[in-house]
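Have a look at coords_31.txt below; it lists compact mmCIF, N, CA and C atoms.
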```txt
# COMPACT_ATOMS: atom_id res chain seq x y z
N ALA A 64 -26.84 42.18 -31.91
CA ALA A 64 -27.86 42.12 -32.94
C ALA A 64 -28.80 43.33 -32.84
N LEU A 65 -29.12 43.71 -31.63
CA LEU A 65 -30.01 44.85 -31.45
C LEU A 65 -29.36 46.13 -31.94
N ALA A 66 -28.12 46.36 -31.55
CA ALA A 66 -27.42 47.58 -31.96
C ALA A 66 -27.17 47.61 -33.46
N ALA A 67 -27.05 46.43 -34.06
CA ALA A 67 -26.82 46.36 -35.50
C ALA A 67 -28.11 46.47 -36.30
N GLY A 68 -29.24 46.52 -35.59
CA GLY A 68 -30.52 46.66 -36.28
C GLY A 68 -31.09 45.34 -36.79
N ILE A 69 -30.54 44.24 -36.33
CA ILE A 69 -31.03 42.93 -36.74
C ILE A 69 -32.07 42.49 -35.71
N THR A 70 -33.26 43.06 -35.84
CA THR A 70 -34.27 42.89 -34.80
C THR A 70 -34.76 41.45 -34.67
N ALA A 71 -34.86 40.74 -35.77
CA ALA A 71 -35.32 39.34 -35.69
C ALA A 71 -34.34 38.51 -34.86
N ARG A 72 -33.06 38.71 -35.10
CA ARG A 72 -32.02 37.98 -34.33
C ARG A 72 -32.05 38.41 -32.87
N ALA A 73 -32.20 39.71 -32.63
CA ALA A 73 -32.25 40.22 -31.26
C ALA A 73 -33.45 39.65 -30.52
N ASP A 74 -34.60 39.57 -31.21
CA ASP A 74 -35.80 39.01 -30.60
C ASP A 74 -35.60 37.54 -30.24
N LEU A 75 -34.99 36.78 -31.12
CA LEU A 75 -34.71 35.37 -30.86
C LEU A 75 -33.76 35.23 -29.68
N MET A 76 -32.73 36.04 -29.65
CA MET A 76 -31.76 35.98 -28.54
C MET A 76 -32.44 36.32 -27.22
N LEU A 77 -33.28 37.33 -27.21
CA LEU A 77 -33.99 37.72 -25.99
C LEU A 77 -34.91 36.60 -25.52
N THR A 78 -35.63 36.02 -26.45
CA THR A 78 -36.52 34.91 -26.11
C THR A 78 -35.74 33.76 -25.49
N GLU A 79 -34.59 33.43 -26.06
CA GLU A 79 -33.76 32.34 -25.53
C GLU A 79 -33.23 32.68 -24.14
N LEU A 80 -32.80 33.92 -23.94
CA LEU A 80 -32.28 34.31 -22.63
C LEU A 80 -33.37 34.27 -21.56
N LEU A 81 -34.55 34.77 -21.90
CA LEU A 81 -35.65 34.74 -20.94
C LEU A 81 -36.09 33.30 -20.64
N ALA A 82 -36.10 32.46 -21.67
CA ALA A 82 -36.48 31.06 -21.48
C ALA A 82 -35.47 30.32 -20.61
N SER A 83 -34.23 30.76 -20.64
CA SER A 83 -33.19 30.10 -19.83
C SER A 83 -33.21 30.60 -18.38
N GLY A 84 -34.12 31.53 -18.08
CA GLY A 84 -34.27 31.99 -16.71
C GLY A 84 -33.59 33.30 -16.39
N LYS A 85 -33.05 33.98 -17.37
CA LYS A 85 -32.40 35.27 -17.12
C LYS A 85 -33.46 36.29 -16.71
N ASN A 86 -33.10 37.16 -15.80
CA ASN A 86 -34.00 38.17 -15.30
C ASN A 86 -34.19 39.27 -16.34
N ALA A 87 -35.43 39.59 -16.66
CA ALA A 87 -35.74 40.58 -17.69
C ALA A 87 -35.19 41.96 -17.33
N PHE A 88 -35.24 42.32 -16.06
CA PHE A 88 -34.74 43.63 -15.65
C PHE A 88 -33.22 43.70 -15.76
N MET A 89 -32.55 42.59 -15.47
CA MET A 89 -31.10 42.56 -15.62
C MET A 89 -30.73 42.73 -17.09
N LEU A 90 -31.46 42.05 -17.98
CA LEU A 90 -31.20 42.17 -19.41
C LEU A 90 -31.44 43.60 -19.89
N LEU A 91 -32.51 44.21 -19.43
CA LEU A 91 -32.81 45.59 -19.80
C LEU A 91 -31.70 46.53 -19.32
N ALA A 92 -31.21 46.31 -18.11
CA ALA A 92 -30.12 47.14 -17.57
C ALA A 92 -28.85 46.96 -18.39
N MET A 93 -28.56 45.75 -18.81
CA MET A 93 -27.36 45.50 -19.62
C MET A 93 -27.47 46.17 -20.99
N ILE A 94 -28.65 46.09 -21.58
CA ILE A 94 -28.87 46.74 -22.88
C ILE A 94 -28.75 48.25 -22.74
N HIS A 95 -29.34 48.80 -21.69
CA HIS A 95 -29.28 50.24 -21.46
C HIS A 95 -27.84 50.69 -21.25
N ARG A 96 -27.06 49.92 -20.50
CA ARG A 96 -25.65 50.28 -20.26
C ARG A 96 -24.88 50.29 -21.58
N SER A 97 -25.14 49.30 -22.43
CA SER A 97 -24.45 49.25 -23.72
C SER A 97 -24.78 50.49 -24.55
N PHE A 98 -26.06 50.83 -24.63
CA PHE A 98 -26.45 52.00 -25.42
C PHE A 98 -25.94 53.29 -24.79
N SER A 99 -25.84 53.33 -23.47
CA SER A 99 -25.25 54.48 -22.80
C SER A 99 -23.78 54.63 -23.19
N ASN A 100 -23.06 53.51 -23.25
CA ASN A 100 -21.67 53.55 -23.70
C ASN A 100 -21.58 54.03 -25.14
N TYR A 101 -22.46 53.53 -26.00
CA TYR A 101 -22.45 53.94 -27.41
C TYR A 101 -22.66 55.45 -27.52
N LEU A 102 -23.64 55.96 -26.75
CA LEU A 102 -23.94 57.39 -26.80
C LEU A 102 -22.79 58.22 -26.24
N GLY A 103 -22.17 57.74 -25.17
CA GLY A 103 -21.03 58.46 -24.60
C GLY A 103 -19.88 58.55 -25.57
N VAL A 104 -19.57 57.44 -26.22
CA VAL A 104 -18.49 57.42 -27.20
C VAL A 104 -18.85 58.32 -28.39
N ARG A 105 -20.10 58.25 -28.85
CA ARG A 105 -20.54 59.09 -29.97
C ARG A 105 -20.39 60.57 -29.62
N THR A 106 -20.88 60.96 -28.45
CA THR A 106 -20.87 62.36 -28.04
C THR A 106 -19.44 62.89 -27.90
N LEU A 107 -18.60 62.14 -27.19
CA LEU A 107 -17.23 62.60 -26.97
C LEU A 107 -16.41 62.57 -28.25
N THR A 108 -16.68 61.62 -29.13
CA THR A 108 -16.00 61.60 -30.43
C THR A 108 -16.41 62.82 -31.25
N ASP A 109 -17.71 63.13 -31.25
CA ASP A 109 -18.20 64.30 -31.98
C ASP A 109 -17.61 65.59 -31.44
N GLU A 110 -17.30 65.61 -30.13
CA GLU A 110 -16.70 66.78 -29.51
C GLU A 110 -15.20 66.87 -29.76
N GLY A 111 -14.64 65.83 -30.39
CA GLY A 111 -13.23 65.86 -30.74
C GLY A 111 -12.27 65.23 -29.75
N ASP A 112 -12.79 64.55 -28.73
CA ASP A 112 -11.90 63.89 -27.77
C ASP A 112 -11.16 62.74 -28.43
N ASN A 113 -9.96 62.47 -27.95
CA ASN A 113 -9.19 61.35 -28.50
C ASN A 113 -9.61 60.05 -27.79
N PRO A 114 -9.33 58.91 -28.40
CA PRO A 114 -9.77 57.62 -27.84
C PRO A 114 -9.35 57.39 -26.39
N GLN A 115 -8.12 57.71 -26.05
CA GLN A 115 -7.68 57.48 -24.68
C GLN A 115 -8.46 58.34 -23.68
N ALA A 116 -8.72 59.60 -24.04
CA ALA A 116 -9.49 60.48 -23.17
C ALA A 116 -10.93 59.97 -23.02
N ILE A 117 -11.49 59.49 -24.11
CA ILE A 117 -12.86 58.96 -24.06
C ILE A 117 -12.92 57.74 -23.13
N ARG A 118 -11.98 56.82 -23.32
CA ARG A 118 -11.96 55.62 -22.47
C ARG A 118 -11.82 56.00 -21.00
N GLN A 119 -10.97 56.97 -20.72
CA GLN A 119 -10.76 57.39 -19.34
C GLN A 119 -12.00 58.06 -18.77
N LYS A 120 -12.60 58.98 -19.51
CA LYS A 120 -13.79 59.69 -19.03
C LYS A 120 -14.95 58.74 -18.75
N LEU A 121 -15.10 57.72 -19.62
CA LEU A 121 -16.23 56.80 -19.48
C LEU A 121 -15.89 55.57 -18.67
N GLY A 122 -14.61 55.39 -18.34
CA GLY A 122 -14.20 54.22 -17.56
C GLY A 122 -14.33 52.92 -18.33
N LEU A 123 -14.02 52.96 -19.62
CA LEU A 123 -14.19 51.79 -20.48
C LEU A 123 -12.87 51.07 -20.71
N SER A 124 -12.93 49.75 -20.73
CA SER A 124 -11.76 48.97 -21.12
C SER A 124 -11.55 49.13 -22.62
N PRO A 125 -10.36 48.82 -23.13
CA PRO A 125 -10.14 48.93 -24.58
C PRO A 125 -11.14 48.10 -25.38
N TRP A 126 -11.48 46.90 -24.90
CA TRP A 126 -12.40 46.04 -25.63
C TRP A 126 -13.79 46.67 -25.70
N VAL A 127 -14.28 47.17 -24.57
CA VAL A 127 -15.62 47.78 -24.54
C VAL A 127 -15.63 49.05 -25.40
N TYR A 128 -14.55 49.83 -25.31
CA TYR A 128 -14.47 51.05 -26.13
C TYR A 128 -14.53 50.70 -27.63
N ASN A 129 -13.74 49.72 -28.05
CA ASN A 129 -13.72 49.34 -29.47
C ASN A 129 -15.07 48.82 -29.94
N LYS A 130 -15.77 48.09 -29.09
CA LYS A 130 -17.11 47.60 -29.43
C LYS A 130 -18.08 48.78 -29.57
N ALA A 131 -18.01 49.70 -28.63
CA ALA A 131 -18.87 50.89 -28.68
C ALA A 131 -18.54 51.74 -29.90
N LEU A 132 -17.26 51.88 -30.20
CA LEU A 132 -16.83 52.67 -31.35
C LEU A 132 -17.39 52.11 -32.65
N ALA A 133 -17.31 50.80 -32.81
CA ALA A 133 -17.83 50.15 -34.03
C ALA A 133 -19.34 50.36 -34.15
N THR A 134 -20.04 50.28 -33.04
CA THR A 134 -21.50 50.46 -33.07
C THR A 134 -21.88 51.91 -33.30
N MET A 135 -21.19 52.82 -32.62
CA MET A 135 -21.59 54.23 -32.73
C MET A 135 -21.33 54.79 -34.12
N LYS A 136 -20.42 54.17 -34.88
CA LYS A 136 -20.17 54.64 -36.24
C LYS A 136 -21.38 54.43 -37.14
N ARG A 137 -22.27 53.51 -36.75
CA ARG A 137 -23.46 53.22 -37.55
C ARG A 137 -24.67 54.04 -37.10
N SER A 138 -24.51 54.82 -36.03
CA SER A 138 -25.67 55.51 -35.45
C SER A 138 -25.33 56.95 -35.10
N SER A 139 -26.31 57.81 -35.30
CA SER A 139 -26.15 59.21 -34.87
C SER A 139 -26.50 59.30 -33.38
N ALA A 140 -26.13 60.41 -32.78
CA ALA A 140 -26.48 60.63 -31.37
C ALA A 140 -28.00 60.62 -31.21
N ASP A 141 -28.72 61.23 -32.14
CA ASP A 141 -30.18 61.24 -32.07
C ASP A 141 -30.77 59.83 -32.11
N GLN A 142 -30.22 58.98 -32.96
CA GLN A 142 -30.70 57.60 -33.04
C GLN A 142 -30.45 56.86 -31.73
N LEU A 143 -29.29 57.08 -31.13
CA LEU A 143 -28.97 56.41 -29.88
C LEU A 143 -29.86 56.91 -28.74
N VAL A 144 -30.12 58.21 -28.70
CA VAL A 144 -31.03 58.77 -27.68
C VAL A 144 -32.42 58.17 -27.86
N HIS A 145 -32.88 58.11 -29.10
CA HIS A 145 -34.21 57.54 -29.36
C HIS A 145 -34.25 56.07 -28.91
N ALA A 146 -33.21 55.30 -29.19
CA ALA A 146 -33.18 53.90 -28.77
C ALA A 146 -33.23 53.78 -27.26
N MET A 147 -32.50 54.64 -26.56
CA MET A 147 -32.51 54.59 -25.10
C MET A 147 -33.87 54.98 -24.54
N LYS A 148 -34.51 55.97 -25.14
CA LYS A 148 -35.86 56.36 -24.69
C LYS A 148 -36.85 55.23 -24.93
N THR A 149 -36.69 54.54 -26.05
CA THR A 149 -37.58 53.43 -26.37
C THR A 149 -37.41 52.30 -25.36
N LEU A 150 -36.20 52.09 -24.89
CA LEU A 150 -35.95 51.03 -23.91
C LEU A 150 -36.70 51.25 -22.63
N VAL A 151 -36.83 52.49 -22.22
CA VAL A 151 -37.48 52.76 -20.92
C VAL A 151 -38.94 53.17 -21.06
N ALA A 152 -39.45 53.23 -22.27
CA ALA A 152 -40.85 53.64 -22.48
C ALA A 152 -41.81 52.51 -22.15
```

Serialized structure, C-alpha cells:
Amino acid sequence: ALAAGITARADLMLTELLASGKNAFMLLAMIHRSFSNYLGVRTLTDEGDNPQAIRQKLGLSPWVYNKALATMKRSSADQLVHAMKTLVA
C-alpha cells in the first residue's frame, strides 16, 4: 500500500501491526529493504541490465524481483530516493 501511494491503507496497516506488538524498528527496516530493492531494480533496469543479471546482482528471488519490478515501473529513481530519505528522516 505504501509503495502504491495508498497512504491511508498503509497507515491503517501500520497501526494494526504496531497494535499487534510488532517492533517499529523491524517494520522500518523491512520497508527500507523493500524500497532499496525497488531502487536497485530501477537503477539496473535504467542501465540496461537484463532481468536475470539484475536478480543475480541484487540477490533477489524471482518473486521478490517481480514485485520490485511492478513497483518500480510506477516510480522514478528520484522518487524512490526521496522515499528512502523520508523513511530515515

As AutoDock Vina command-line options, what would the box around segment 127-145 of chain A look like: edges along x, y and z, 5 Å added on every side, centre and edge lengths in Å to one decimal?
```
--center_x -24.0 --center_y 54.2 --center_z -31.0 --size_x 30.5 --size_y 24.1 --size_z 23.0
```

Distance in Å - atom CA of Tyr101 of chain A versus atom C of Leu132 of chain A: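 Interatomic distance, atom CA of Tyr101 of chain A to atom C of Leu132 of chain A: 7.5 Å.
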
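Taking atom CA of Ser138 of chain A and atom CA of Asp112 of chain A as the two end points, the separation is 17.9 Å.
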
Report as a PyMOL selection string all protein, DNA and RNA residues lying within 8 Å of Ser99 of chain A, evaluated on all atoms listed in the file, omitting residues in the same chain fewer than 5 positions from it. chain A and resi 93-94+104-105+143+147

Between atom C of Lys85 of chain A and atom C of Ala133 of chain A, what is the distance, to one decimal in Å?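 Between these atoms lies a distance of 26.5 Å.
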
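With distances restricted to only C-alpha atoms, A:Ile117 is the closest residue to Ala131 of chain A from A:Ile117, A:Ala146, A:Ala82, A:Leu91.
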
Among the residues of chain A, find those DSSP assigns to alpha helix (DSSP H) from the backbone and print them as a PyMOL selection string. chain A and resi 70-82+87-109+114-121+125-135+140-151

Minimum-distance residue to Ala92 of chain A, chosen among A:Met135, A:Ala116, A:Val151, A:Leu75 (using only C-alpha atoms):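 Distance minimum relative to Ala92 of chain A lands on A:Val151.
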
Find the residues near Leu90 of chain A: any atom within 12 Å, counting only C-alpha atoms, skip ones fewer than 2 places away on the same chain, and give them as an NGL selection string. :A and (76-81 or 84-88 or 92-97 or 150)

Residues from the last selection, N, CA and C atoms, saved as an mmCIF file, in the frame of the given file:
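That gives us again.cif:
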```cif
data_model
loop_
_atom_site.group_PDB
_atom_site.id
_atom_site.type_symbol
_atom_site.label_atom_id
_atom_site.label_comp_id
_atom_site.auth_asym_id
_atom_site.auth_seq_id
_atom_site.Cartn_x
_atom_site.Cartn_y
_atom_site.Cartn_z
ATOM 1 N N MET A 76 -32.730 36.040 -29.650
ATOM 2 C CA MET A 76 -31.760 35.980 -28.540
ATOM 3 C C MET A 76 -32.440 36.320 -27.220
ATOM 4 N N LEU A 77 -33.280 37.330 -27.210
ATOM 5 C CA LEU A 77 -33.990 37.720 -25.990
ATOM 6 C C LEU A 77 -34.910 36.600 -25.520
ATOM 7 N N THR A 78 -35.630 36.020 -26.450
ATOM 8 C CA THR A 78 -36.520 34.910 -26.110
ATOM 9 C C THR A 78 -35.740 33.760 -25.490
ATOM 10 N N GLU A 79 -34.590 33.430 -26.060
ATOM 11 C CA GLU A 79 -33.760 32.340 -25.530
ATOM 12 C C GLU A 79 -33.230 32.680 -24.140
ATOM 13 N N LEU A 80 -32.800 33.920 -23.940
ATOM 14 C CA LEU A 80 -32.280 34.310 -22.630
ATOM 15 C C LEU A 80 -33.370 34.270 -21.560
ATOM 16 N N LEU A 81 -34.550 34.770 -21.900
ATOM 17 C CA LEU A 81 -35.650 34.740 -20.940
ATOM 18 C C LEU A 81 -36.090 33.300 -20.640
ATOM 19 N N GLY A 84 -34.120 31.530 -18.080
ATOM 20 C CA GLY A 84 -34.270 31.990 -16.710
ATOM 21 C C GLY A 84 -33.590 33.300 -16.390
ATOM 22 N N LYS A 85 -33.050 33.980 -17.370
ATOM 23 C CA LYS A 85 -32.400 35.270 -17.120
ATOM 24 C C LYS A 85 -33.460 36.290 -16.710
ATOM 25 N N ASN A 86 -33.100 37.160 -15.800
ATOM 26 C CA ASN A 86 -34.000 38.170 -15.300
ATOM 27 C C ASN A 86 -34.190 39.270 -16.340
ATOM 28 N N ALA A 87 -35.430 39.590 -16.660
ATOM 29 C CA ALA A 87 -35.740 40.580 -17.690
ATOM 30 C C ALA A 87 -35.190 41.960 -17.330
ATOM 31 N N PHE A 88 -35.240 42.320 -16.060
ATOM 32 C CA PHE A 88 -34.740 43.630 -15.650
ATOM 33 C C PHE A 88 -33.220 43.700 -15.760
ATOM 34 N N ALA A 92 -31.210 46.310 -18.110
ATOM 35 C CA ALA A 92 -30.120 47.140 -17.570
ATOM 36 C C ALA A 92 -28.850 46.960 -18.390
ATOM 37 N N MET A 93 -28.560 45.750 -18.810
ATOM 38 C CA MET A 93 -27.360 45.500 -19.620
ATOM 39 C C MET A 93 -27.470 46.170 -20.990
ATOM 40 N N ILE A 94 -28.650 46.090 -21.580
ATOM 41 C CA ILE A 94 -28.870 46.740 -22.880
ATOM 42 C C ILE A 94 -28.750 48.250 -22.740
ATOM 43 N N HIS A 95 -29.340 48.800 -21.690
ATOM 44 C CA HIS A 95 -29.280 50.240 -21.460
ATOM 45 C C HIS A 95 -27.840 50.690 -21.250
ATOM 46 N N ARG A 96 -27.060 49.920 -20.500
ATOM 47 C CA ARG A 96 -25.650 50.280 -20.260
ATOM 48 C C ARG A 96 -24.880 50.290 -21.580
ATOM 49 N N SER A 97 -25.140 49.300 -22.430
ATOM 50 C CA SER A 97 -24.450 49.250 -23.720
ATOM 51 C C SER A 97 -24.780 50.490 -24.550
ATOM 52 N N LEU A 150 -36.200 52.090 -24.890
ATOM 53 C CA LEU A 150 -35.950 51.030 -23.910
ATOM 54 C C LEU A 150 -36.700 51.250 -22.630
#
```

Report as a ChimeraX atom specification all protein, DNA and RNA residues lying within 10 Å of Pro125 of chain A, evaluated on only C-alpha atoms, omitting residues in the same chain fewer than 6 positions from it. /A:114-115,118-119,131

Can you put N, CA, C and O atoms back into segment 77-91 of chain A and show it as a PDB file, in the frame of the given file?
```
ATOM      1  N   LEU A  77     -33.280  37.330 -27.210  1.00  0.00           N
ATOM      2  CA  LEU A  77     -33.990  37.720 -25.990  1.00  0.00           C
ATOM      3  C   LEU A  77     -34.910  36.600 -25.520  1.00  0.00           C
ATOM      4  O   LEU A  77     -34.943  36.268 -24.338  1.00  0.00           O
ATOM      5  N   THR A  78     -35.630  36.020 -26.450  1.00  0.00           N
ATOM      6  CA  THR A  78     -36.520  34.910 -26.110  1.00  0.00           C
ATOM      7  C   THR A  78     -35.740  33.760 -25.490  1.00  0.00           C
ATOM      8  O   THR A  78     -36.165  33.186 -24.468  1.00  0.00           O
ATOM      9  N   GLU A  79     -34.590  33.430 -26.060  1.00  0.00           N
ATOM     10  CA  GLU A  79     -33.760  32.340 -25.530  1.00  0.00           C
ATOM     11  C   GLU A  79     -33.230  32.680 -24.140  1.00  0.00           C
ATOM     12  O   GLU A  79     -33.220  31.822 -23.256  1.00  0.00           O
ATOM     13  N   LEU A  80     -32.800  33.920 -23.940  1.00  0.00           N
ATOM     14  CA  LEU A  80     -32.280  34.310 -22.630  1.00  0.00           C
ATOM     15  C   LEU A  80     -33.370  34.270 -21.560  1.00  0.00           C
ATOM     16  O   LEU A  80     -33.146  33.780 -20.449  1.00  0.00           O
ATOM     17  N   LEU A  81     -34.550  34.770 -21.900  1.00  0.00           N
ATOM     18  CA  LEU A  81     -35.650  34.740 -20.940  1.00  0.00           C
ATOM     19  C   LEU A  81     -36.090  33.300 -20.640  1.00  0.00           C
ATOM     20  O   LEU A  81     -36.363  32.956 -19.489  1.00  0.00           O
ATOM     21  N   ALA A  82     -36.100  32.460 -21.670  1.00  0.00           N
ATOM     22  CA  ALA A  82     -36.480  31.060 -21.480  1.00  0.00           C
ATOM     23  C   ALA A  82     -35.470  30.320 -20.610  1.00  0.00           C
ATOM     24  O   ALA A  82     -35.832  29.367 -19.905  1.00  0.00           O
ATOM     25  N   SER A  83     -34.230  30.760 -20.640  1.00  0.00           N
ATOM     26  CA  SER A  83     -33.190  30.100 -19.830  1.00  0.00           C
ATOM     27  C   SER A  83     -33.210  30.600 -18.380  1.00  0.00           C
ATOM     28  O   SER A  83     -32.403  30.161 -17.567  1.00  0.00           O
ATOM     29  N   GLY A  84     -34.120  31.530 -18.080  1.00  0.00           N
ATOM     30  CA  GLY A  84     -34.270  31.990 -16.710  1.00  0.00           C
ATOM     31  C   GLY A  84     -33.590  33.300 -16.390  1.00  0.00           C
ATOM     32  O   GLY A  84     -33.558  33.707 -15.221  1.00  0.00           O
ATOM     33  N   LYS A  85     -33.050  33.980 -17.370  1.00  0.00           N
ATOM     34  CA  LYS A  85     -32.400  35.270 -17.120  1.00  0.00           C
ATOM     35  C   LYS A  85     -33.460  36.290 -16.710  1.00  0.00           C
ATOM     36  O   LYS A  85     -34.580  36.296 -17.219  1.00  0.00           O
ATOM     37  N   ASN A  86     -33.100  37.160 -15.800  1.00  0.00           N
ATOM     38  CA  ASN A  86     -34.000  38.170 -15.300  1.00  0.00           C
ATOM     39  C   ASN A  86     -34.190  39.270 -16.340  1.00  0.00           C
ATOM     40  O   ASN A  86     -33.213  39.852 -16.839  1.00  0.00           O
ATOM     41  N   ALA A  87     -35.430  39.590 -16.660  1.00  0.00           N
ATOM     42  CA  ALA A  87     -35.740  40.580 -17.690  1.00  0.00           C
ATOM     43  C   ALA A  87     -35.190  41.960 -17.330  1.00  0.00           C
ATOM     44  O   ALA A  87     -34.702  42.675 -18.202  1.00  0.00           O
ATOM     45  N   PHE A  88     -35.240  42.320 -16.060  1.00  0.00           N
ATOM     46  CA  PHE A  88     -34.740  43.630 -15.650  1.00  0.00           C
ATOM     47  C   PHE A  88     -33.220  43.700 -15.760  1.00  0.00           C
ATOM     48  O   PHE A  88     -32.659  44.745 -16.084  1.00  0.00           O
ATOM     49  N   MET A  89     -32.550  42.590 -15.470  1.00  0.00           N
ATOM     50  CA  MET A  89     -31.100  42.560 -15.620  1.00  0.00           C
ATOM     51  C   MET A  89     -30.730  42.730 -17.090  1.00  0.00           C
ATOM     52  O   MET A  89     -29.803  43.464 -17.427  1.00  0.00           O
ATOM     53  N   LEU A  90     -31.460  42.050 -17.980  1.00  0.00           N
ATOM     54  CA  LEU A  90     -31.200  42.170 -19.410  1.00  0.00           C
ATOM     55  C   LEU A  90     -31.440  43.600 -19.890  1.00  0.00           C
ATOM     56  O   LEU A  90     -30.656  44.148 -20.662  1.00  0.00           O
ATOM     57  N   LEU A  91     -32.510  44.210 -19.430  1.00  0.00           N
ATOM     58  CA  LEU A  91     -32.810  45.590 -19.800  1.00  0.00           C
ATOM     59  C   LEU A  91     -31.700  46.530 -19.320  1.00  0.00           C
ATOM     60  O   LEU A  91     -31.257  47.407 -20.057  1.00  0.00           O
TER      61      LEU A  91
END
```
